[in-house]
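Note sheet for the following structure.
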Amino acid sequence: LAMAEKISDISEFGLIQRIRRARRAPNRNMILGIGDDAAAFRLSPGCVGLATTDTLLQGVHFDLRYCSYADIGWKAMAANLSDIAAMGGRPLLALISLTLTGSQRMEDIVQLYSGMRALAARYRVAIAGGDIVGGREFSLTLTVLGEGQEDNLGRRSGARPGDAVLVTGALGDSAAGLELLQAKGLFYRKAGMIPRDQAREARLLKKQLRPEPRIIEAQALARAVTLHGMIDISDGLSSELWHLSRESRAAIIVDQGALPIGSQAVKISRLLGKDPLNYCLHGGEEYELLFTLASKDLSKAGKALKKIGATYSLIGQVAAGRGVWLVDAGGRMSPLEDRGYKHRPS
Ligand SMILES: [Mg+2]
C-alpha cells in the first residue's frame, strides 16, 4: 500500500501488522507482547505494579501546526514514562489506543509510532498492544505499566518536615519553547532569524517537542536512598509543589535564587519581553522530577545523580505547616500561587 493511502482504506489488522514487526522483547519481564488477546508480563521480585494513562486530544493537547506526528508520539510516551519515573519506578510496557478520523495518512501513523518507539526503545519499554477506532477527533491514549520497589515508592504524600526539596534539570525551557512556536512570526522578526535556520530552532524547541523523561534519574535515586515526596513536573513547578504540599500536609519553602531557570527560557524570554522566572515557576510539560529527601540522604542522592551525569538543584525545604512559599533575594517570604497549566475544556 502506498504511504499516502488513507487509514480508512486498510483494515485494522493490516495496520497492526505494520506496527507489530517481529522483534525481540525489549525487556525480560515480557512474556507475551503484541499479537495475542492480552499482553503477559511478570514483575521482578520485591516489586509492585505501577499503572498510568494519558490521553492527548487534537486541538487541546497538541496542535499539528506546531508539531509533527512523530513529536506527538514522543510526547505521549514521555508523559507516561515520566509518571512511572515519578514513583521511582521502571516502565515495562505500553498500550496504545488511537482514534483516527480518516484524514490521517498511513505515513502519519507510521511517524506517530516511530516517535513513540524511539523513546520506548531507549528505556526498553515494550509496545505490547492497543486498539484503533474511528471517530470525529484524532486522539491518542497511552497506558504504561511498570514496576517499583514495594518498600520504596516516591509519593505525593511522602514529603516530611525537615526534608530538602530538589528538582532535576532546568525549568522553563518547555513553556518558553511553546510560546516561541506560537509567536514564531514575531520571534523571527525580533531575532532577525530566517525561518530556514532550523538547526537553531530545533535546539530551542527540543525541550518542548522532545522532552526526556527522568527514568534513569528516578531509578538511581530509588536505588540510592529512601524516597520521600516525589512528583513529575507536567503542569508546572508551582502546581506540583502545591500537590506535594497538600498531599503531604506540610509547608514547602522555595528559595527563588536557587531555582534552575533553563537557558532557553532565559533567551526566549528576552526575545519576547517576558520574565523567565514565570516560565520556570509556572511552565508545564517539563517532565523533570520534583522530590524531597531526608537531609541525611542528600549527599548519597547527590553522588548517585552525579554518577549518571544528571543535573539537579536543591531549591528549598519542607516545614511543618501548610502552603507553598517563595523566599526572594531580599529574604521576603510570600505565598506562591498555584498557576500551573491546567488542561480544561474551554
Ligand atoms: Mg505526574
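Here, A, B, ... name the chains of the C-alpha cells in the order displayed, residue numbers run from 1 inside each chain, and ligands are numbered from 1 in the same displayed order.
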Under the rule of at most 10 Å, produce a per-residue listing of chain A near ligand 1: chain, number, name, the closest pair of atoms, and the distance in Å, as CSV, using only C-alpha atoms and all ligand atoms.
residue,atom,partner,partner_atom_place_in_ligand_line,distance
A:Thr52,CA,ligand 1,1 (Mg),8.8
A:Thr53,CA,ligand 1,1 (Mg),10.0
A:Asp54,CA,ligand 1,1 (Mg),9.9
A:Ala79,CA,ligand 1,1 (Mg),7.7
A:Asn80,CA,ligand 1,1 (Mg),8.0
A:Leu81,CA,ligand 1,1 (Mg),9.3
A:Ser82,CA,ligand 1,1 (Mg),6.7
A:Asp83,CA,ligand 1,1 (Mg),4.5
A:Ile84,CA,ligand 1,1 (Mg),8.0
A:Ala85,CA,ligand 1,1 (Mg),8.8
A:Ala86,CA,ligand 1,1 (Mg),6.5
A:Met87,CA,ligand 1,1 (Mg),8.9
A:Arg156,CA,ligand 1,1 (Mg),9.6
A:Met230,CA,ligand 1,1 (Mg),9.3
A:Ile231,CA,ligand 1,1 (Mg),5.8
A:Asp232,CA,ligand 1,1 (Mg),4.8
A:Ile233,CA,ligand 1,1 (Mg),6.6
A:Ser234,CA,ligand 1,1 (Mg),6.0
A:Asp235,CA,ligand 1,1 (Mg),8.3
A:Glu240,CA,ligand 1,1 (Mg),8.6
A:Tyr287,CA,ligand 1,1 (Mg),8.2
A:Glu288,CA,ligand 1,1 (Mg),9.9
A:Leu289,CA,ligand 1,1 (Mg),9.2
Quick one: DSSP alpha helix (DSSP H) residues in stretch 9-240 of chain A, as a VMD selection string?
-> chain A and resid 12 to 20 69 to 85 106 to 122 173 to 182 184 to 191 198 to 209 215 to 224 237 to 240
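In the backbone-derived DSSP annotation, strand (DSSP E) within stretch 134-193 of chain A comprises Gly134, Ser139, Leu140, Thr141, Leu142, Thr143, Val144, Leu145, Gly146, Glu147, Gly148, Gln149, Ala164, Val165, Leu166, Val167 and Thr168 of chain A.
The nearest approach to A:Gln111 among the residues A:Ile72, A:Asp338, A:Gly129, A:Gly146, with only C-alpha atoms taken into account, belongs to A:Ile72.
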Would you please work out which residue, of A:Arg246, A:Lys207, A:Lys267, A:Arg160, is nearest to A:Leu227 when using only C-alpha atoms?
-> A:Arg160
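Among the candidate residues A:Leu209, A:Leu64, A:Leu56, A:Leu145, the one lying nearest to A:Phe41 is A:Leu145, with distances computed using only C-alpha atoms.
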Which residues of stretch 62-139 of chain A have any atom within 9 Å of an atom in stretch 23-39 of chain A when counting only C-alpha atoms, and what is the closest pair of atoms for each, with the distance in Å to one decimal? Order the rows by chain and rising number and write it as a tab-separated table.
residue	atom	partner	partner_atom	distance
A:Leu92	CA	A:Asn27	CA	7.2
A:Leu93	CA	A:Met30	CA	8.0
A:Ala121	CA	A:Pro26	CA	7.2
A:Tyr123	CA	A:Pro26	CA	8.7
A:Arg124	CA	A:Pro26	CA	4.9
A:Val125	CA	A:Pro26	CA	6.2
A:Ala126	CA	A:Pro26	CA	5.7
A:Ile127	CA	A:Ile34	CA	7.0
A:Ala128	CA	A:Ile34	CA	4.5
A:Gly129	CA	A:Ile34	CA	4.6
A:Gly130	CA	A:Ile34	CA	8.0
Please identify all polymer residues within 9 Å of A:Ile268, counting only C-alpha atoms, omitting same-chain residues fewer than 3 positions from it, and present them as JSON, numbers by chain.
-> {"A": [173, 176, 177, 179, 180, 187, 204, 263, 264, 265, 271, 272, 273, 274, 276]}
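Contact shell of A:Arg332 at 12 Å (only C-alpha atoms; same-chain neighbours under 3 positions omitted): A:Ile253, A:Val254, A:Asp255, A:Gln256, A:Gly257, A:Trp325, A:Leu326, A:Val327, A:Asp328, A:Ala329, A:Pro335.
When only C-alpha atoms are used to compute distances to A:Met77, the closest of the residues A:Val165, A:Ala304, A:Ala120, A:Leu98 turns out to be A:Ala120.
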Of A:Gly134, A:Gly309, A:Pro91, A:Pro211, the one sitting nearest A:Gly148 when using only C-alpha atoms is A:Pro91
Of the candidates A:Leu153, A:Ala70, A:Leu142, A:Ala170, which shows the shortest atom-to-atom distance to A:Glu286, using only C-alpha atoms?
-> A:Ala170
